[in-house]
Amino acid sequence: MGFCALAGTGRLDVASIVVGSAALLVRGYHLFKGKNAFLPQRWTTILTAFYFVFYALDYFFLSQNFVGVTVHMVLFVLVVKMFSLQRDRDLLYLAVIAFLMVLAAAILTVDTIFLFTFCLFVLIAMSTFVSMEMRRSEREAKVVAVAPGNENRFHRALYAVAGVLAVTTAAIGIVIFFVLPRMSMGGYLQTMASQTDLVTGFSDTVNLGGIGKIQQSNNAVMHVQVLDGTLSADQKWRGVALAYFDGRRWSNSLHDVSVHDVSVTLPMHNVPVNLWSLRLMDDFPPLFSSLHRETLRYLVHMEPIGSHVFFLASTPIQVNGGYIDDITVSADGSVTRNEDAGAIQLYGGEADQNDPAPLVRNSTSQDYPSAVREYLGLPPFLDPRIRALAADVTASAPSNYARARAIETYLSSNLGYTLDLPGEEADPLAHFLFERKKGHCEYFASSMAIMLRTLNIPARVVNGFRGGEYNDVNHTYIIRARDAHSWVEVYFPEYGWMTFDPTPSVSTQAGAHASSRLTLYLDALQEMWREWIINYDFSRQVRLGSQIGSSVSRLQSAVRFWYRKKYHHLQRQLRRPGAVGFGKVIIVAVLGMLLMALPFAPRVWRAVRRARLLRNPQTAPGSAAGVWYLRMLKMMERRGIPKAPAQTAGEFASSIGDPEMQKNVLAFVQHYERARFAGSVEDALRLPQLYREMEARKG
């Protein structure tokens, strides 16, 4: 189960899964067949020495991260130890290794699959340690092993005890988990794991085609809960903006990645970061219209992908969520969390949804601030056909806004969308525009940005997400890796940066498909698991306590109201003439008697079960024999022949002085022992007859 928990993370390489599974299956087959297969001590030493060398190779060339090489080492120790068991303490070592695998699984994932494997691991761990202790005690006492006829009963008892212990432990653990004050740890160990392609796709340097790789994945990235407003089907989730293009790669200069320290401006913890005011500082161009009447308020739950980027709905106004001391805002408008502060988990935001087109429709101004002119740069080797194409497409456009719309319409109408990634190309943009004429969103966005720059219009590429899938189970929007998207922001002096998207709308449907109901239910379960288990901290504890207190208060009020209502109704009924009849008195008396007899119900139930057992001893021969034996002892005690506590059944029968009575008791004891310890039904059926015969001789 430890190995299953580790393999269930999805972070274990194929070779490790194959080797680990094969070793477990072979060892399990040996145990099933009762065979012993051990590695000689010499081979164990050789393999251990070899692994020291492999560990270094694994760390520097293969896995290249601490968690990966440590997991491989644990699996190596597991395989070697399984085939070199010689002492009882080796079994304890295996148990420790299993726990280490579960610990590694907890580091590598926060998925609900881990919950199920962990519960099974706890159950089997309980059985393991209980049986190990019984085995040790048995050897110390030097007693014979359990009789073959009682093995099934022993196994059932062991599983029952282990199950009760596991359930009790889980119940106590849940209470402690939700009651004990917690602080969010930020997933320190998880940062040791390798970064995903998603994280590298939203950095300050992105190769052309990076978003196309991300779109091949169906994994969930974040869940969005709308608090106020409407989420459009084409909603953009802004991540990072990129300024410089060398023909193959987008990047930012030192000026573009310089940041505003929000904690200096807004030192109070948990205060929303006003992104509007930050964009108006230090001559940085405004990103938003001053008229933001239509707004969108939302809450984002990030998946554990290790990202430090806040993905904000366009056009962002503010962000909040307890990260105020760690948030930085770059000159390109990207909002990130300091890397040494941990990955982002939960945050809220607000966005302006007004259309800025009326403000910029007639824009012809080229009065750009110095910081904006840096978004006019072109790659060192630009195919002249691109400049000519831009001029030809915008020949009849009267304004900069019209030119941007013309290029956007041309690209989305005349070029096709595909997720197929091209091979090595000398000039990717020229090949896309004039030869292949098919590509994914990053090629469309890059082409539009460069074409606009040839017309002296500032433009930049933005990487983020578009759209999302609505889950009506928990009323959230699922943003997946396949929703990764690139678009363009164009600068207009009258407004600031405005969003354009030249990618054909078919891209939204290319990788998207409706999830099944089962998938949506599982996604809702995982979201609840992350919110109330993984991300459970003191703030959620306070909220949960408040909800429980409110629910209990409402329940108490409802019960109190129901009781008073019934009480007053009963009073009115009793005050009516002739309301209390004979039938009602009988009913009240019966109910009162039943209420008084309630404390004796368990004793009555046990008496009924015992009587049923005595009438049908074949259903449980051992238990029935025990009951008849106790009745026989009470009968003998009434005759003045008590049994001493230290005497066995045979010793008691042999100590009786009356020869006839001794003979009867010895016969009774023989049938009792065979029924009690061998499960003999015939002997159990014989005991009532012997008891009645002994009782008759008394008379």
# chains A, B, ... in the order shown; residues from 1 in each chain; ligands from 1
>>> residues_around(residues="His72 (chain A)", least_positions_apart="2", cutoff="12 Å", atoms="only C-alpha atoms", output="PyMOL selection string")
chain A and resi 3+6-7+11-17+19-20+51-52+54-59+62-70+74-79+97+100-101+104
>>> write_last_selection(atoms="C-alpha atoms", output="PDB file, in the first residue's frame")
ATOM      1  CA  PHE A   3       4.069   1.654  -3.002  1.00  0.00           C
ATOM      2  CA  LEU A   6       3.629   6.528  -4.165  1.00  0.00           C
ATOM      3  CA  ALA A   7       2.669   5.282  -7.628  1.00  0.00           C
ATOM      4  CA  ARG A  11       5.103  11.559 -10.365  1.00  0.00           C
ATOM      5  CA  LEU A  12       6.870   8.190 -10.371  1.00  0.00           C
ATOM      6  CA  ASP A  13       8.738   7.321 -13.559  1.00  0.00           C
ATOM      7  CA  VAL A  14       7.818   4.245 -15.589  1.00  0.00           C
ATOM      8  CA  ALA A  15      11.027   2.357 -14.767  1.00  0.00           C
ATOM      9  CA  SER A  16      10.449   2.722 -11.013  1.00  0.00           C
ATOM     10  CA  ILE A  17       6.829   1.560 -11.322  1.00  0.00           C
ATOM     11  CA  VAL A  19      10.713  -2.525 -11.128  1.00  0.00           C
ATOM     12  CA  GLY A  20       8.805  -1.921  -7.894  1.00  0.00           C
ATOM     13  CA  TYR A  51      23.800   2.261  -5.793  1.00  0.00           C
ATOM     14  CA  PHE A  52      26.078   4.867  -4.212  1.00  0.00           C
ATOM     15  CA  PHE A  54      23.956   5.425  -9.257  1.00  0.00           C
ATOM     16  CA  TYR A  55      22.658   7.916  -6.648  1.00  0.00           C
ATOM     17  CA  ALA A  56      25.149  10.539  -7.819  1.00  0.00           C
ATOM     18  CA  LEU A  57      24.291   9.895 -11.480  1.00  0.00           C
ATOM     19  CA  ASP A  58      20.594  10.088 -10.674  1.00  0.00           C
ATOM     20  CA  TYR A  59      20.946  13.404  -8.842  1.00  0.00           C
ATOM     21  CA  LEU A  62      18.592  11.746 -14.428  1.00  0.00           C
ATOM     22  CA  SER A  63      16.125  13.063 -11.837  1.00  0.00           C
ATOM     23  CA  GLN A  64      18.085  16.236 -11.019  1.00  0.00           C
ATOM     24  CA  ASN A  65      16.001  16.954  -7.907  1.00  0.00           C
ATOM     25  CA  PHE A  66      16.233  15.895  -4.280  1.00  0.00           C
ATOM     26  CA  VAL A  67      12.783  14.337  -3.951  1.00  0.00           C
ATOM     27  CA  GLY A  68      13.156  12.204  -7.076  1.00  0.00           C
ATOM     28  CA  VAL A  69      16.517  10.676  -6.122  1.00  0.00           C
ATOM     29  CA  THR A  70      15.336  10.089  -2.541  1.00  0.00           C
ATOM     30  CA  VAL A  74      13.730   4.268  -0.897  1.00  0.00           C
ATOM     31  CA  LEU A  75      12.507   1.922  -3.642  1.00  0.00           C
ATOM     32  CA  PHE A  76      15.993   0.394  -3.955  1.00  0.00           C
ATOM     33  CA  VAL A  77      16.162  -0.253  -0.211  1.00  0.00           C
ATOM     34  CA  LEU A  78      12.662  -1.753  -0.369  1.00  0.00           C
ATOM     35  CA  VAL A  79      13.558  -4.254  -3.099  1.00  0.00           C
ATOM     36  CA  ILE A  97      10.254   1.983   4.370  1.00  0.00           C
ATOM     37  CA  LEU A 100       8.691   6.681   3.973  1.00  0.00           C
ATOM     38  CA  MET A 101       6.934   5.921   0.690  1.00  0.00           C
ATOM     39  CA  ALA A 104       7.076  10.860  -0.193  1.00  0.00           C
TER      40      ALA A 104
END
>>> select_by_dssp(residues="region 397-608 of chain A", states="helix (DSSP H, G or I)", output="PyMOL selection string")
chain A and resi 400-414+428-436+441-454+481-483+506-510+517-534+538-575+582-608
>>> closest_residue(among="A:Trp43, A:Val473, A:Leu275, A:Lys81", to="Met528 (chain A)", atoms="only C-alpha atoms")
A:Val473
>>> residues_around(residues="region 490-503 of chain A", least_positions_apart="2", cutoff="6 Å", atoms="only C-alpha atoms", output="PyMOL selection string")
chain A and resi 286-287+408+411-412+441+444+458-459+487-488
>>> atom_distance(atom1="CA of Ala170 (chain A)", atom2="CA of Leu120 (chain A)")
11.5 Å
>>> closest_residue(among="A:Gly640, A:Gly549, A:Gly423, A:Gly348", to="Asp228 (chain A)", atoms="only C-alpha atoms")
A:Gly348
>>> residues_around(residues="Gly468 (chain A)", least_positions_apart="6", cutoff="7 Å", atoms="only C-alpha atoms", output="list in words")
Tyr477, Ile478, Ile479 and Asp483 of chain A
